[in-house]
Amino acid sequence: MWQLPIMIAISLLSAWNYSSAATETENASFRKIETIVVIYAENRSFDNLYGLFPGANGILKNADGKPNDLKQFKQVDRDGATPLLHLPPVWNDSGNTLSFVKELPAEPFRIDAQNGTLSGGLRPDKATPDLVHRFYNNQMQINDGKNNMFAAWSDAGGLTMGYYDGSVMKMWKLAKKYTLADNFFMGAFGGSFLNHFWLISASTPTFPDAPANLRSRVDTTGVKLTLAENSPVSSIAGKAVYVADQALTPDGFAVNTMQPSYQPSGIPPAPGGNNQLADVTKNPLPPQDFRTIGDALSEKHVSWVWYAGAWNEALTNRNIINNNKTSNFQTHHQPFNYFKRFDPTTVAGSLERTTHLKDFSDLKKDIIAGTLPSVVFYKPQGNLNQHPGYADVMSGDAHISQLINELKKSPQWKKMAIIVTYDENGGLWDHVAPPKGDRWGPGIRIPAIIISPFAKHHFVDHTWYDTTSILKFITKRFELEPLPGVRPQAGDLTNAFH
C-alpha cells in the first residue's frame, strides 16, 4: 500500500514539471514580442462593423454558426416593456438621408442597404449623424444586459440599430488573415473621454469640490438619469430630456467629456493668462495624479510614446480643435494630457511631454527608422478616426490599414504585436450583453483585431476581453506592477497568439 502514495507523488511531480516547462516555454515565446502597438479608433460597436463576419458571434449567426432571428433583438419603449412597432425617426438627420429608418421594424438593419436592398441607405464612405454615447445613457440602453433599449434612449432614434456589411473594409481582410476578437468589451460605460482614461489607467478621474451644476441627477437605482417633466413618454415622439445629464456623477467622478487643464484644450487660455493652460474659470478637469500604464512602464525603464494625429498642429493652431472642416483634433482623446506629470509649465513636465507625447509625423519617422519605443499608443486625428457625425468608416479604414502596411515594412515588424480596437461603441447597438463587472463597466462589445507574426491566423477568438486586457497584456510582457483597476476576470490577449 505504501507504493500508491509514492506513485501519486511522482505523477504529480511529473505533471508539475510539465506544466512549469510549458509555462516557461510560453513566457519565452511571449518575450520575443519587443514592440506593442495599440491603435485606438472611435465609436463603433462590434455588430456595427463586424456583425456579418464569418465565424464570429454576429447579427445573423451566433458563435456556433447557428442562425439568429432578427426578431429576438426587438427593441422596447421607454417604459421598458412596450415593444416598439417600428424604429423612431433619426432625430438629428438634418440632411434627411435616413428618412427610411422610421419605417423599419424595431430591429437591426443595414445602413448601407435600405431594408435589405441596395436601393437606398447610406454607404460607409458617408458620415452618419452622431449618436449619444454617455455614461448613464449607455447603461440605460443596455438595460441590465437585455440590450433592448438602444432605440428608446438614443438621441439619434433608430440609427442606433444600424450596421454595415463590413466586408468592403481593408481591416476586415486583415481580421480574416489574423485574429479577430469577438468578445471584447469597452472598458467603461459611456464615451471617449472616460474610455481613454481606462485604456491607460483602468481608473476614473475625479473632480473634488466640483460646482453643483457639473453633477448629474440620477434616480434611486444610481444608473438611470432623472427625466425632465417635458420628456416625451415614447421614443417615437421625440428624444428624451433629462433634468441634469452632466459631466460628473453625483459624488464627483468625471464620466462624461471634460477638457484638460493643459493645452491643447477645448478651453482657451484665460485673457492675459499663461497660453499653456486652460482658463480655470471655465472649469477644466483638475490635473490628475493617479497611476497610469505610463508610470508603470517608466518605472521599469521601458520606453513608450503616445502618438496623436495633428498634435503639433493643435499646439500652435486652435482653429483645428473640434473643427470638422479640418483635421479635427479632439482634445478629450489625449488622456495623458490630463495628468500633473505632463504639466507644461514645469521643467520636468515639459521634458515628459517631449519624451512621451508626440505627433503622427514622429510615428512615421520612427516606423521607417526602426526606432519605435517598446509600447506605442496611436490616436488618429478626428477626420480619420471613424467617429459617427464627423468621420466616415472608409476614410479611417484606409488610414489605419495603410499604417499597418507601413508597420509591416518596419525593421521591428518581426517582433511586433499590433492591437487595433475602438474606445467605445459610439451609441451603436450590439446584441451581446456585457459581462458583469463593476460600477464603471465594462460596456458594449467593440471590435478588436490582433495582427502580428506571432498571432494566430484565420482565427476568431471568443475569449472574454475588455479594454483593460490591453493593460494586462503590456503588464505581462514587460513584467510590470499591475494597475489596481484592471479586471481580474478579463483575459490578457495571449489566446490570440501561438
# chains A, B, ... in the order shown; residues from 1 in each chain; ligands from 1
>>> closest_atom_pairs(of="stretch 245-349 of chain A", to="stretch 381-396 of chain A", cutoff="10 Å", atoms="only C-alpha atoms", output="Markdown table")
| residue | atom | partner | partner_atom | distance |
| --- | --- | --- | --- | --- |
| A:Ala308 | CA | A:Gln381 | CA | 6.8 |
| A:Gly309 | CA | A:Gln381 | CA | 4.4 |
| A:Ala310 | CA | A:Gln381 | CA | 6.0 |
| A:Trp311 | CA | A:Gln381 | CA | 8.4 |
| A:Ile320 | CA | A:Gly382 | CA | 9.8 |
| A:Ile321 | CA | A:Gly382 | CA | 9.3 |
| A:Asn322 | CA | A:Gly382 | CA | 8.0 |
| A:Asn323 | CA | A:Gly382 | CA | 8.7 |
| A:Asn324 | CA | A:Tyr390 | CA | 5.9 |
| A:Lys325 | CA | A:Asn383 | CA | 8.6 |
| A:Thr326 | CA | A:Asn383 | CA | 7.6 |
| A:Ser327 | CA | A:Asn383 | CA | 5.6 |
| A:Asn328 | CA | A:Gly382 | CA | 4.7 |
| A:Phe329 | CA | A:Gly382 | CA | 5.5 |
| A:Gln330 | CA | A:Gly382 | CA | 6.2 |
| A:Thr331 | CA | A:Gly382 | CA | 9.8 |
| A:His333 | CA | A:Gln381 | CA | 9.2 |
>>> write_last_selection(atoms="C-alpha atoms", output="compact mmCIF listing (two decimals), in the first residue's frame")
# COMPACT_ATOMS: atom_id res chain seq x y z
CA ALA A 308 -1.53 61.61 -31.86
CA GLY A 309 -2.60 62.81 -35.27
CA ALA A 310 -2.38 66.63 -35.56
CA TRP A 311 -0.81 67.01 -32.09
CA ILE A 320 -8.29 72.81 -35.78
CA ILE A 321 -9.63 71.87 -32.34
CA ASN A 322 -13.07 70.25 -32.61
CA ASN A 323 -13.42 71.59 -36.15
CA ASN A 324 -14.72 69.01 -38.61
CA LYS A 325 -13.73 71.19 -41.57
CA THR A 326 -10.07 70.50 -40.74
CA SER A 327 -8.01 67.66 -39.29
CA ASN A 328 -10.39 68.00 -36.34
CA PHE A 329 -8.14 67.47 -33.34
CA GLN A 330 -10.10 66.06 -30.39
CA THR A 331 -8.64 67.24 -27.10
CA HIS A 333 -8.84 61.86 -26.84
>>> residues_around(residues="stretch 290-292 of chain A", least_positions_apart="4", cutoff="7 Å", atoms="only C-alpha atoms", output="PDB file with C-alpha atoms, in the first residue's frame")
ATOM      1  CA  ILE A 200      -4.149  53.989 -19.862  1.00  0.00           C
ATOM      2  CA  SER A 201      -5.092  53.516 -16.200  1.00  0.00           C
ATOM      3  CA  ALA A 296       4.468  51.543 -14.667  1.00  0.00           C
TER       4      ALA A 296
END
>>> closest_residue(among="A:His356, A:Lys126, A:Lys364, A:His86", to="A:Glu107", atoms="only C-alpha atoms")
A:His86
>>> select_by_dssp(residues="stretch 221-447 of chain A", states="alpha helix (DSSP H)", output="JSON, numbers by chain")
{"A": [293, 294, 295, 296, 297, 298, 299, 311, 312, 313, 314, 315, 316, 347, 348, 349, 350, 351, 352, 353, 354, 355, 356, 360, 361, 362, 363, 364, 365, 366, 367, 368, 369, 393, 394, 395, 396, 397, 398, 399, 400, 401, 402, 403, 404, 405, 406, 407, 408, 409]}
>>> write_last_selection(atoms="N, CA and C atoms", output="CSV table (one decimal), in the first residue's frame")
chain,number,residue,atom,x,y,z
A,293,ILE,N,-0.4,53.4,-16.9
A,293,ILE,CA,0.5,52.4,-17.5
A,293,ILE,C,1.8,53.1,-17.9
A,294,GLY,N,1.7,54.4,-18.2
A,294,GLY,CA,3.0,55.1,-18.5
A,294,GLY,C,3.9,55.2,-17.3
A,295,ASP,N,3.3,55.4,-16.1
A,295,ASP,CA,4.1,55.3,-14.9
A,295,ASP,C,4.8,53.9,-14.7
A,296,ALA,N,4.0,52.9,-14.9
A,296,ALA,CA,4.5,51.5,-14.7
A,296,ALA,C,5.6,51.2,-15.7
A,297,LEU,N,5.4,51.6,-16.9
A,297,LEU,CA,6.5,51.4,-17.9
A,297,LEU,C,7.8,52.2,-17.6
A,298,SER,N,7.6,53.4,-17.2
A,298,SER,CA,8.8,54.3,-16.9
A,298,SER,C,9.5,53.7,-15.7
A,299,GLU,N,8.8,53.2,-14.7
A,299,GLU,CA,9.5,52.7,-13.5
A,299,GLU,C,10.4,51.5,-13.9
A,311,TRP,N,-1.2,66.5,-33.4
A,311,TRP,CA,-0.8,67.0,-32.1
A,311,TRP,C,0.0,68.3,-32.2
A,312,ASN,N,1.0,68.3,-33.1
A,312,ASN,CA,1.8,69.5,-33.2
A,312,ASN,C,1.0,70.7,-33.8
A,313,GLU,N,0.1,70.4,-34.7
A,313,GLU,CA,-0.7,71.4,-35.2
A,313,GLU,C,-1.6,72.0,-34.2
A,314,ALA,N,-2.2,71.2,-33.3
A,314,ALA,CA,-3.1,71.7,-32.3
A,314,ALA,C,-2.4,72.6,-31.3
A,315,LEU,N,-1.1,72.4,-31.1
A,315,LEU,CA,-0.4,73.2,-30.1
A,315,LEU,C,-0.2,74.6,-30.6
A,316,THR,N,-0.3,74.8,-31.9
A,316,THR,CA,0.0,76.1,-32.5
A,316,THR,C,-1.2,76.7,-33.2
A,347,VAL,N,9.6,72.4,-15.7
A,347,VAL,CA,10.7,71.8,-16.4
A,347,VAL,C,10.6,70.3,-16.6
A,348,ALA,N,10.2,69.6,-15.5
A,348,ALA,CA,10.0,68.2,-15.5
A,348,ALA,C,8.8,67.8,-16.4
A,349,GLY,N,7.7,68.5,-16.3
A,349,GLY,CA,6.6,68.3,-17.2
A,349,GLY,C,6.9,68.5,-18.7
A,350,SER,N,7.6,69.5,-19.0
A,350,SER,CA,8.0,69.8,-20.4
A,350,SER,C,8.8,68.6,-20.9
A,351,LEU,N,9.7,68.1,-20.1
A,351,LEU,CA,10.6,67.0,-20.6
A,351,LEU,C,9.7,65.8,-20.8
A,352,GLU,N,8.8,65.5,-19.9
A,352,GLU,CA,7.9,64.3,-20.0
A,352,GLU,C,7.1,64.4,-21.3
A,353,ARG,N,6.6,65.6,-21.6
A,353,ARG,CA,5.8,65.8,-22.8
A,353,ARG,C,6.7,65.6,-24.1
A,354,THR,N,7.9,66.1,-24.1
A,354,THR,CA,8.7,65.9,-25.2
A,354,THR,C,9.1,64.4,-25.4
A,355,THR,N,9.2,63.7,-24.3
A,355,THR,CA,9.6,62.3,-24.4
A,355,THR,C,8.4,61.4,-24.8
A,356,HIS,N,7.3,61.7,-24.3
A,356,HIS,CA,6.2,60.7,-24.4
A,356,HIS,C,4.9,61.2,-25.2
A,360,PHE,N,1.9,62.4,-35.1
A,360,PHE,CA,1.8,61.3,-36.1
A,360,PHE,C,3.0,61.3,-37.0
A,361,SER,N,3.5,62.5,-37.3
A,361,SER,CA,4.7,62.6,-38.2
A,361,SER,C,5.9,62.0,-37.5
A,362,ASP,N,6.0,62.0,-36.2
A,362,ASP,CA,7.1,61.3,-35.5
A,362,ASP,C,6.9,59.8,-35.5
A,363,LEU,N,5.7,59.4,-35.5
A,363,LEU,CA,5.4,57.9,-35.6
A,363,LEU,C,5.9,57.4,-37.0
A,364,LYS,N,5.6,58.1,-38.0
A,364,LYS,CA,6.0,57.7,-39.4
A,364,LYS,C,7.5,57.6,-39.4
A,365,LYS,N,8.2,58.6,-38.9
A,365,LYS,CA,9.7,58.6,-38.9
A,365,LYS,C,10.2,57.4,-38.1
A,366,ASP,N,9.6,57.2,-37.0
A,366,ASP,CA,10.1,56.1,-36.1
A,366,ASP,C,9.9,54.7,-36.7
A,367,ILE,N,8.8,54.6,-37.5
A,367,ILE,CA,8.5,53.3,-38.2
A,367,ILE,C,9.6,53.0,-39.2
A,368,ILE,N,9.9,54.0,-40.0
A,368,ILE,CA,10.8,53.9,-41.1
A,368,ILE,C,12.2,53.6,-40.5
A,369,ALA,N,12.6,54.3,-39.5
A,369,ALA,CA,13.9,54.2,-38.9
A,369,ALA,C,14.1,53.0,-38.0
A,393,VAL,N,-16.7,55.7,-42.1
A,393,VAL,CA,-16.0,54.5,-41.9
A,393,VAL,C,-14.8,54.3,-42.8
A,394,MET,N,-14.9,54.5,-44.0
A,394,MET,CA,-13.9,54.1,-45.0
A,394,MET,C,-12.7,55.0,-45.0
A,395,SER,N,-12.7,56.2,-44.7
A,395,SER,CA,-11.5,57.1,-44.6
A,395,SER,C,-10.6,56.6,-43.5
A,396,GLY,N,-11.2,56.3,-42.3
A,396,GLY,CA,-10.4,55.7,-41.2
A,396,GLY,C,-9.9,54.3,-41.5
A,397,ASP,N,-10.7,53.5,-42.2
A,397,ASP,CA,-10.3,52.2,-42.6
A,397,ASP,C,-9.0,52.2,-43.5
A,398,ALA,N,-9.1,53.1,-44.4
A,398,ALA,CA,-7.9,53.3,-45.3
A,398,ALA,C,-6.7,53.8,-44.6
A,399,HIS,N,-6.9,54.7,-43.7
A,399,HIS,CA,-5.8,55.3,-42.9
A,399,HIS,C,-5.1,54.2,-42.0
A,400,ILE,N,-5.9,53.5,-41.3
A,400,ILE,CA,-5.4,52.5,-40.3
A,400,ILE,C,-4.8,51.4,-41.0
A,401,SER,N,-5.4,50.9,-42.1
A,401,SER,CA,-4.8,49.8,-42.9
A,401,SER,C,-3.5,50.2,-43.5
A,402,GLN,N,-3.4,51.4,-44.0
A,402,GLN,CA,-2.2,51.9,-44.6
A,402,GLN,C,-1.1,52.0,-43.5
A,403,LEU,N,-1.4,52.4,-42.3
A,403,LEU,CA,-0.4,52.5,-41.2
A,403,LEU,C,0.1,51.1,-40.9
A,404,ILE,N,-0.8,50.1,-40.9
A,404,ILE,CA,-0.4,48.7,-40.6
A,404,ILE,C,0.5,48.2,-41.7
A,405,ASN,N,0.2,48.6,-43.0
A,405,ASN,CA,1.2,48.2,-44.0
A,405,ASN,C,2.6,48.8,-43.8
A,406,GLU,N,2.6,50.0,-43.3
A,406,GLU,CA,3.9,50.6,-43.1
A,406,GLU,C,4.6,49.9,-41.9
A,407,LEU,N,3.8,49.6,-40.9
A,407,LEU,CA,4.4,48.9,-39.7
A,407,LEU,C,5.0,47.5,-40.1
A,408,LYS,N,4.3,46.9,-41.1
A,408,LYS,CA,4.8,45.6,-41.5
A,408,LYS,C,6.1,45.7,-42.4
A,409,LYS,N,6.4,46.9,-42.9
A,409,LYS,CA,7.6,47.1,-43.6
A,409,LYS,C,8.7,47.5,-42.6
>>> residues_around(residues="A:Val375", least_positions_apart="6", cutoff="9 Å", atoms="only C-alpha atoms", output="PDB file with N, CA and C atoms, in the first residue's frame")
ATOM      1  N   GLU A  34       8.791  42.404 -28.885  1.00  0.00           N
ATOM      2  CA  GLU A  34       9.562  43.530 -28.360  1.00  0.00           C
ATOM      3  C   GLU A  34       8.857  44.871 -28.542  1.00  0.00           C
ATOM      4  N   THR A  35       7.877  44.925 -29.447  1.00  0.00           N
ATOM      5  CA  THR A  35       7.163  46.179 -29.703  1.00  0.00           C
ATOM      6  C   THR A  35       5.657  45.908 -29.720  1.00  0.00           C
ATOM      7  N   ILE A  36       4.923  46.609 -28.883  1.00  0.00           N
ATOM      8  CA  ILE A  36       3.463  46.510 -28.843  1.00  0.00           C
ATOM      9  C   ILE A  36       2.886  47.832 -29.341  1.00  0.00           C
ATOM     10  N   VAL A  37       2.030  47.752 -30.357  1.00  0.00           N
ATOM     11  CA  VAL A  37       1.414  48.943 -30.937  1.00  0.00           C
ATOM     12  C   VAL A  37      -0.093  48.866 -30.720  1.00  0.00           C
ATOM     13  N   VAL A  38      -0.650  49.877 -30.067  1.00  0.00           N
ATOM     14  CA  VAL A  38      -2.093  49.954 -29.826  1.00  0.00           C
ATOM     15  C   VAL A  38      -2.655  51.087 -30.673  1.00  0.00           C
ATOM     16  N   LEU A 297       5.436  51.645 -16.896  1.00  0.00           N
ATOM     17  CA  LEU A 297       6.474  51.401 -17.892  1.00  0.00           C
ATOM     18  C   LEU A 297       7.753  52.177 -17.574  1.00  0.00           C
ATOM     19  N   VAL A 302      11.039  50.969 -19.451  1.00  0.00           N
ATOM     20  CA  VAL A 302      10.520  50.502 -20.736  1.00  0.00           C
ATOM     21  C   VAL A 302      10.032  51.724 -21.518  1.00  0.00           C
ATOM     22  N   SER A 303      10.520  51.900 -22.717  1.00  0.00           N
ATOM     23  CA  SER A 303      10.187  53.095 -23.499  1.00  0.00           C
ATOM     24  C   SER A 303       8.741  53.038 -23.995  1.00  0.00           C
ATOM     25  N   TRP A 304       8.099  54.212 -24.040  1.00  0.00           N
ATOM     26  CA  TRP A 304       6.720  54.278 -24.523  1.00  0.00           C
ATOM     27  C   TRP A 304       6.424  55.690 -25.028  1.00  0.00           C
ATOM     28  N   VAL A 305       5.469  55.780 -25.959  1.00  0.00           N
ATOM     29  CA  VAL A 305       5.049  57.073 -26.520  1.00  0.00           C
ATOM     30  C   VAL A 305       3.571  57.010 -26.871  1.00  0.00           C
ATOM     31  N   TRP A 306       2.872  58.111 -26.597  1.00  0.00           N
ATOM     32  CA  TRP A 306       1.512  58.325 -27.109  1.00  0.00           C
ATOM     33  C   TRP A 306       1.640  59.249 -28.325  1.00  0.00           C
ATOM     34  N   ILE A 474       0.277  44.246 -21.800  1.00  0.00           N
ATOM     35  CA  ILE A 474       1.509  45.030 -21.658  1.00  0.00           C
ATOM     36  C   ILE A 474       2.196  44.704 -20.340  1.00  0.00           C
TER      37      ILE A 474
END
>>> closest_atom_pairs(of="stretch 137-242 of chain A", to="stretch 46-51 of chain A", cutoff="6 Å", atoms="only C-alpha atoms", output="tab-separated table")
residue	atom	partner	partner_atom	distance
A:Tyr163	CA	A:Asn48	CA	4.0
A:Tyr164	CA	A:Leu49	CA	5.6
A:Gly166	CA	A:Leu49	CA	5.1
>>> decode(residues="stretch 261-299 of chain A", atoms="N, CA and C atoms", output="short mmCIF file (atom, residue, chain, number, x, y, z; two decimals), in the first residue's frame")
data_model
loop_
_atom_site.label_atom_id
_atom_site.label_comp_id
_atom_site.auth_asym_id
_atom_site.auth_seq_id
_atom_site.Cartn_x
_atom_site.Cartn_y
_atom_site.Cartn_z
N SER A 261 -6.71 70.70 -18.31
CA SER A 261 -6.20 71.99 -17.82
C SER A 261 -5.01 72.47 -18.62
N TYR A 262 -4.39 71.55 -19.37
CA TYR A 262 -3.22 71.90 -20.17
C TYR A 262 -3.59 71.97 -21.65
N GLN A 263 -2.95 72.85 -22.37
CA GLN A 263 -3.17 72.92 -23.81
C GLN A 263 -2.44 71.77 -24.51
N PRO A 264 -3.02 71.26 -25.62
CA PRO A 264 -4.22 71.74 -26.28
C PRO A 264 -5.49 71.31 -25.54
N SER A 265 -6.37 72.26 -25.35
CA SER A 265 -7.62 72.05 -24.63
C SER A 265 -8.75 72.72 -25.38
N GLY A 266 -9.93 72.20 -25.22
CA GLY A 266 -11.10 72.85 -25.80
C GLY A 266 -11.42 74.17 -25.14
N ILE A 267 -10.82 74.41 -23.98
CA ILE A 267 -10.96 75.69 -23.27
C ILE A 267 -9.73 76.53 -23.57
N PRO A 268 -9.90 77.70 -24.15
CA PRO A 268 -8.73 78.53 -24.47
C PRO A 268 -8.07 79.09 -23.21
N PRO A 269 -6.87 79.63 -23.34
CA PRO A 269 -6.23 80.27 -22.18
C PRO A 269 -7.05 81.46 -21.69
N ALA A 270 -6.86 81.80 -20.43
CA ALA A 270 -7.52 82.99 -19.88
C ALA A 270 -6.95 84.23 -20.55
N PRO A 271 -7.76 85.26 -20.77
CA PRO A 271 -7.23 86.50 -21.34
C PRO A 271 -6.06 87.02 -20.51
N GLY A 272 -4.92 87.18 -21.16
CA GLY A 272 -3.73 87.64 -20.47
C GLY A 272 -3.06 86.59 -19.62
N GLY A 273 -3.57 85.34 -19.64
CA GLY A 273 -3.00 84.28 -18.81
C GLY A 273 -1.95 83.48 -19.54
N ASN A 274 -1.50 82.42 -18.90
CA ASN A 274 -0.48 81.54 -19.47
C ASN A 274 -1.08 80.79 -20.67
N ASN A 275 -0.45 80.90 -21.83
CA ASN A 275 -1.03 80.29 -23.03
C ASN A 275 -0.84 78.78 -23.09
N GLN A 276 -0.20 78.20 -22.07
CA GLN A 276 -0.07 76.75 -21.99
C GLN A 276 -1.17 76.10 -21.16
N LEU A 277 -2.02 76.96 -20.57
CA LEU A 277 -3.05 76.47 -19.66
C LEU A 277 -4.44 76.86 -20.15
N ALA A 278 -5.44 76.08 -19.73
CA ALA A 278 -6.83 76.43 -19.99
C ALA A 278 -7.32 77.41 -18.93
N ASP A 279 -8.28 78.21 -19.29
CA ASP A 279 -8.87 79.18 -18.37
C ASP A 279 -9.56 78.43 -17.24
N VAL A 280 -9.05 78.56 -16.02
CA VAL A 280 -9.55 77.80 -14.89
C VAL A 280 -10.98 78.19 -14.53
N THR A 281 -11.41 79.39 -14.91
CA THR A 281 -12.78 79.82 -14.59
C THR A 281 -13.81 79.07 -15.43
N LYS A 282 -13.36 78.37 -16.47
CA LYS A 282 -14.27 77.60 -17.33
C LYS A 282 -14.37 76.13 -16.89
N ASN A 283 -13.83 75.83 -15.73
CA ASN A 283 -13.93 74.50 -15.12
C ASN A 283 -13.34 73.36 -15.95
N PRO A 284 -12.07 73.46 -16.33
CA PRO A 284 -11.43 72.26 -16.88
C PRO A 284 -11.28 71.22 -15.78
N LEU A 285 -11.06 69.96 -16.16
CA LEU A 285 -10.81 68.93 -15.16
C LEU A 285 -9.49 69.23 -14.46
N PRO A 286 -9.46 69.28 -13.13
CA PRO A 286 -8.18 69.49 -12.44
C PRO A 286 -7.18 68.40 -12.83
N PRO A 287 -5.89 68.72 -12.89
CA PRO A 287 -4.88 67.71 -13.25
C PRO A 287 -4.96 66.49 -12.33
N GLN A 288 -4.85 65.33 -12.92
CA GLN A 288 -4.97 64.07 -12.20
C GLN A 288 -3.58 63.54 -11.83
N ASP A 289 -3.52 62.70 -10.80
CA ASP A 289 -2.21 62.20 -10.39
C ASP A 289 -2.22 60.72 -10.01
N PHE A 290 -3.27 59.98 -10.40
CA PHE A 290 -3.26 58.55 -10.09
C PHE A 290 -2.37 57.81 -11.10
N ARG A 291 -2.14 56.55 -10.82
CA ARG A 291 -1.16 55.75 -11.54
C ARG A 291 -1.67 55.34 -12.93
N THR A 292 -0.78 55.41 -13.93
CA THR A 292 -1.11 55.00 -15.29
C THR A 292 -0.12 53.95 -15.78
N ILE A 293 -0.43 53.37 -16.93
CA ILE A 293 0.49 52.41 -17.53
C ILE A 293 1.80 53.10 -17.92
N GLY A 294 1.74 54.40 -18.20
CA GLY A 294 2.97 55.14 -18.48
C GLY A 294 3.89 55.16 -17.27
N ASP A 295 3.32 55.35 -16.09
CA ASP A 295 4.13 55.32 -14.86
C ASP A 295 4.77 53.95 -14.67
N ALA A 296 3.96 52.91 -14.87
CA ALA A 296 4.47 51.54 -14.67
C ALA A 296 5.59 51.22 -15.65
N LEU A 297 5.44 51.64 -16.90
CA LEU A 297 6.47 51.40 -17.89
C LEU A 297 7.75 52.18 -17.57
N SER A 298 7.60 53.44 -17.21
CA SER A 298 8.78 54.26 -16.92
C SER A 298 9.55 53.73 -15.72
N GLU A 299 8.83 53.23 -14.73
CA GLU A 299 9.49 52.69 -13.54
C GLU A 299 10.38 51.49 -13.89
#
